[in-house]
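Trainee: Here it is, the structure in full.
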Amino acid sequence: MSAPVRVGILFGGPSAEHDVSCASALGVARALAGGGYRVVAIGVTRAGGLRLVPDAALSGFLAGTTSERAIDDRLTVIGPAVELRAGPRSGTAVVTAMDAPGAVHAELDVVFPVLHGPFGEDGVVQGVLESLGVPYVGCGILASAVGMDKVAMKRALRAEGVPITPHVSFDATTYRTTEDPEKLVLGLRRPVFVKPARMGSSIGISRVAEGDDLAAAIEEALRHDTVVVVEQGVSGRELECGVLGGTRPDASAVGEVRVSGGWFDYRQKYFGDTDPMIVPALLSPEVTERIRELSVRAFAAIGGWGLARVDFLFDEVAGELYVNELNTMPGFTAHSMYPKVWAAAGVGYREILDRLVALAFARHAQRPGGGAGR
C-alpha cells in the first residue's frame, strides 16, 4: 500500500485578502484530508513569516471544531516559525524549524498555495516553489503575474483577440502631475470602474457614475497599488466560468452573479445575507458555449495551468461578451463560484482537488532536465 501524498497547504499571507485565503484553505484542507492525503498546514502571517499549524490545532481545523478565523488569530502565538527548503529527494520540499534548520517538521510531495492577492497569486510564491523544485498547484510564475496584473492581462487578451472592455491605465506619478483627472479618462463614458491594477476580491474598486468624485475613487485605488485601471462600465449580466486542466483544459458550466447596488463588491461577496450566485446561468446554448470557448482562449492567452475562474460581462442588448478578468486562484470555499460551476458540470469538490494535484505532478514531470516549469 503506497504512502499518502503529502500536501503542504500555504494560506493567509500579507495581502488584503488574508481572511479570504484562510476561508478557502479550510475547505481545501478538509477535502484533501478526507480524500486520503496527508495535510500539512502552513500559515503565512500578515507580516510574511511562515508558521506551522501544530497537529492538535490542525485536527480541530479539519474536524470543524476550530474555525479558520481562530487558526489565523493564533498563528503567531502557537505555531512554530518555519521555512521551506528543498527536500533530500528530488521533487520534494521540507518544512524546517527557523531556529534549527536541521530540524525537519515535515516533508512535502506537493504544495497547494491557497493564497489570494499579492505575494500569493502574483508569481511571487510560485517563484519560491520553482526554486525549491517542488510540484505545486496552479498557474506558474508568468501566468500568475499576468493574471494578477490587470494591465498585462488585458494586453495578453487583446493580443489573442479575446474581447475586453474599453479602458485606460496610469501610474501614481501621472495622476499626481495631472491637473484634471478627467483628462486621464477621456473617451470613457460614465459609469466607469476604478481599480488597483494588482488586487483581487473587489478590494479598492469604486464605481463612478455621473456626479461622483473620480479623484476620490483614484485615491482609493492608489491605497492598494501604484497603477490604476479605469474601465468602461457595461450594463449587463456578470457571468463566470471555471477552467481546469493543462495544455488542453476544460471549461465548466457557466454561473451568474446577481447583485444589488450595481456591482459585486467586497461586502456582497463575503458578507451578504443572500447567495447571489445562480448556477447554471439561464443562457441560450449558443451564449453558454461562446463563454466556455472564450474562457479556454483567455486561459491560454496568459499561459495558464491548473485552474482559473474567468469573469465576463454580457451586454444582452448589444449581444456582446467581454472578459472582465481572470482569477488564477479563485475562492475555494464550498460556497465559492468555482466549485459550484464545476459541480454543475458534474465535477465534485474533491475531484477538482484530485485533478489539480495530478496536474501539479504532470507539469513537474515535464520540466526539461529538471528545469523550471511553465
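Residues in the C-alpha cells are named by chain (A, B, ... in the order shown) and by number from 1 within that chain; ligands are numbered from 1 in the order shown.
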Hey, which bits of stretch 37-106 of chain A sit within 12 Å of stretch 356-368 of chain A, and for each residue what's the closest pair of atoms and how far apart in Å (one decimal), counting only C-alpha atoms, rows by chain and increasing number, as a Markdown table?

Mentor:
| residue | atom | partner | partner_atom | distance |
| --- | --- | --- | --- | --- |
| A:Tyr37 | CA | A:Val357 | CA | 10.4 |
| A:Ser90 | CA | A:His364 | CA | 10.8 |
| A:Gly91 | CA | A:His364 | CA | 8.0 |
| A:Thr92 | CA | A:His364 | CA | 11.0 |

Trainee: Write the residues you've just listed into a file as a PDB file, in the first residue's frame, and include N, CA, C and O atoms for each of them.

Mentor:
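Ended up saving to selection-v8.pdb:
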ATOM      1  N   TYR A  37      -5.208  12.267   1.609  1.00  0.00           N
ATOM      2  CA  TYR A  37      -3.926  12.967   1.546  1.00  0.00           C
ATOM      3  C   TYR A  37      -3.439  13.279   2.966  1.00  0.00           C
ATOM      4  O   TYR A  37      -4.232  13.396   3.905  1.00  0.00           O
ATOM      5  N   SER A  90      14.654  14.458  -4.842  1.00  0.00           N
ATOM      6  CA  SER A  90      14.226  15.333  -5.930  1.00  0.00           C
ATOM      7  C   SER A  90      12.708  15.452  -5.955  1.00  0.00           C
ATOM      8  O   SER A  90      11.986  14.465  -5.811  1.00  0.00           O
ATOM      9  N   GLY A  91      12.234  16.668  -6.132  1.00  0.00           N
ATOM     10  CA  GLY A  91      10.802  16.877  -6.235  1.00  0.00           C
ATOM     11  C   GLY A  91      10.090  16.970  -4.902  1.00  0.00           C
ATOM     12  O   GLY A  91       8.862  16.902  -4.861  1.00  0.00           O
ATOM     13  N   THR A  92      10.828  17.125  -3.813  1.00  0.00           N
ATOM     14  CA  THR A  92      10.194  17.282  -2.506  1.00  0.00           C
ATOM     15  C   THR A  92      10.699  18.565  -1.848  1.00  0.00           C
ATOM     16  O   THR A  92      11.706  19.135  -2.254  1.00  0.00           O
TER      17      THR A  92
END

Trainee: Please provide the set of residues having any atom within 9 Å of A:Val124, restricted to only C-alpha atoms, with same-chain residues fewer than 4 positions apart removed, written as an MDAnalysis selection string.

Mentor: chainID A and resid 118:120 128:129 141 144:145

Trainee: Tell me, in Å to one decimal, how far atom CA of A:Tyr175 is from atom CA of A:Leu313.

Mentor: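 For atom CA of A:Tyr175 relative to atom CA of A:Leu313, the distance reads 27.7 Å.
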
Trainee: Running DSSP on the backbone, which parts of stretch 97-309 of chain A land in alpha helix (DSSP H), as a ChimeraX atom specification?

Mentor: /A:124-132,141-148,150-159,172-176,214-222,266-271,285-301

Trainee: Write the residues you've just listed into a file as a PDB file, in the first residue's frame, and include C-alpha atoms for each of them.

Mentor:
ATOM      1  CA  VAL A 124       5.997  35.575  -6.017  1.00  0.00           C
ATOM      2  CA  VAL A 125       5.361  32.360  -4.106  1.00  0.00           C
ATOM      3  CA  GLN A 126       5.372  30.433  -7.389  1.00  0.00           C
ATOM      4  CA  GLY A 127       8.949  31.609  -7.928  1.00  0.00           C
ATOM      5  CA  VAL A 128       9.920  30.372  -4.474  1.00  0.00           C
ATOM      6  CA  LEU A 129       8.377  26.965  -5.143  1.00  0.00           C
ATOM      7  CA  GLU A 130      10.087  26.744  -8.544  1.00  0.00           C
ATOM      8  CA  SER A 131      13.421  27.435  -6.878  1.00  0.00           C
ATOM      9  CA  LEU A 132      12.782  24.578  -4.441  1.00  0.00           C
ATOM     10  CA  ILE A 141       5.219  32.359 -12.427  1.00  0.00           C
ATOM     11  CA  LEU A 142       4.349  34.107 -15.690  1.00  0.00           C
ATOM     12  CA  ALA A 143       0.665  33.192 -15.860  1.00  0.00           C
ATOM     13  CA  SER A 144       0.195  34.125 -12.216  1.00  0.00           C
ATOM     14  CA  ALA A 145       1.853  37.504 -12.702  1.00  0.00           C
ATOM     15  CA  VAL A 146      -0.093  38.283 -15.880  1.00  0.00           C
ATOM     16  CA  GLY A 147      -3.371  37.126 -14.380  1.00  0.00           C
ATOM     17  CA  MET A 148      -2.865  39.333 -11.327  1.00  0.00           C
ATOM     18  CA  LYS A 150      -4.960  43.807 -14.966  1.00  0.00           C
ATOM     19  CA  VAL A 151      -2.892  45.898 -17.396  1.00  0.00           C
ATOM     20  CA  ALA A 152      -0.744  42.955 -18.523  1.00  0.00           C
ATOM     21  CA  MET A 153      -3.753  40.656 -18.601  1.00  0.00           C
ATOM     22  CA  LYS A 154      -5.725  42.964 -20.878  1.00  0.00           C
ATOM     23  CA  ARG A 155      -2.753  43.270 -23.211  1.00  0.00           C
ATOM     24  CA  ALA A 156      -2.462  39.474 -23.407  1.00  0.00           C
ATOM     25  CA  LEU A 157      -6.189  39.042 -24.061  1.00  0.00           C
ATOM     26  CA  ARG A 158      -6.272  41.757 -26.694  1.00  0.00           C
ATOM     27  CA  ALA A 159      -3.282  40.208 -28.477  1.00  0.00           C
ATOM     28  CA  ALA A 172       0.531  57.346  -9.435  1.00  0.00           C
ATOM     29  CA  THR A 173       3.096  59.818 -10.789  1.00  0.00           C
ATOM     30  CA  THR A 174       0.998  60.513 -13.880  1.00  0.00           C
ATOM     31  CA  TYR A 175      -2.062  61.092 -11.717  1.00  0.00           C
ATOM     32  CA  ARG A 176      -0.251  63.361  -9.256  1.00  0.00           C
ATOM     33  CA  LEU A 214     -13.407  60.449  -9.781  1.00  0.00           C
ATOM     34  CA  ALA A 215     -10.413  61.731  -7.817  1.00  0.00           C
ATOM     35  CA  ALA A 216     -11.639  60.075  -4.618  1.00  0.00           C
ATOM     36  CA  ALA A 217     -12.010  56.751  -6.438  1.00  0.00           C
ATOM     37  CA  ILE A 218      -8.490  57.022  -7.851  1.00  0.00           C
ATOM     38  CA  GLU A 219      -7.112  57.825  -4.402  1.00  0.00           C
ATOM     39  CA  GLU A 220      -8.827  54.733  -3.014  1.00  0.00           C
ATOM     40  CA  ALA A 221      -7.278  52.549  -5.741  1.00  0.00           C
ATOM     41  CA  LEU A 222      -3.845  54.067  -5.083  1.00  0.00           C
ATOM     42  CA  TYR A 266     -16.337  43.038  -1.382  1.00  0.00           C
ATOM     43  CA  ARG A 267     -19.199  43.294   1.115  1.00  0.00           C
ATOM     44  CA  GLN A 268     -21.637  41.384  -1.079  1.00  0.00           C
ATOM     45  CA  LYS A 269     -19.038  38.755  -1.973  1.00  0.00           C
ATOM     46  CA  TYR A 270     -18.194  37.775   1.576  1.00  0.00           C
ATOM     47  CA  PHE A 271     -20.727  39.315   3.965  1.00  0.00           C
ATOM     48  CA  PRO A 285     -26.853  27.240 -25.557  1.00  0.00           C
ATOM     49  CA  GLU A 286     -25.048  29.464 -28.065  1.00  0.00           C
ATOM     50  CA  VAL A 287     -24.039  32.067 -25.458  1.00  0.00           C
ATOM     51  CA  THR A 288     -23.042  29.374 -22.977  1.00  0.00           C
ATOM     52  CA  GLU A 289     -20.753  27.705 -25.497  1.00  0.00           C
ATOM     53  CA  ARG A 290     -19.289  31.061 -26.522  1.00  0.00           C
ATOM     54  CA  ILE A 291     -18.416  31.791 -22.892  1.00  0.00           C
ATOM     55  CA  ARG A 292     -16.822  28.363 -22.443  1.00  0.00           C
ATOM     56  CA  GLU A 293     -14.787  28.790 -25.634  1.00  0.00           C
ATOM     57  CA  LEU A 294     -13.620  32.280 -24.664  1.00  0.00           C
ATOM     58  CA  SER A 295     -12.691  31.037 -21.195  1.00  0.00           C
ATOM     59  CA  VAL A 296     -10.322  28.462 -22.624  1.00  0.00           C
ATOM     60  CA  ARG A 297      -8.867  31.027 -25.033  1.00  0.00           C
ATOM     61  CA  ALA A 298      -8.331  33.539 -22.233  1.00  0.00           C
ATOM     62  CA  PHE A 299      -6.651  30.861 -20.117  1.00  0.00           C
ATOM     63  CA  ALA A 300      -4.315  30.022 -22.995  1.00  0.00           C
ATOM     64  CA  ALA A 301      -3.623  33.729 -23.610  1.00  0.00           C
TER      65      ALA A 301
END
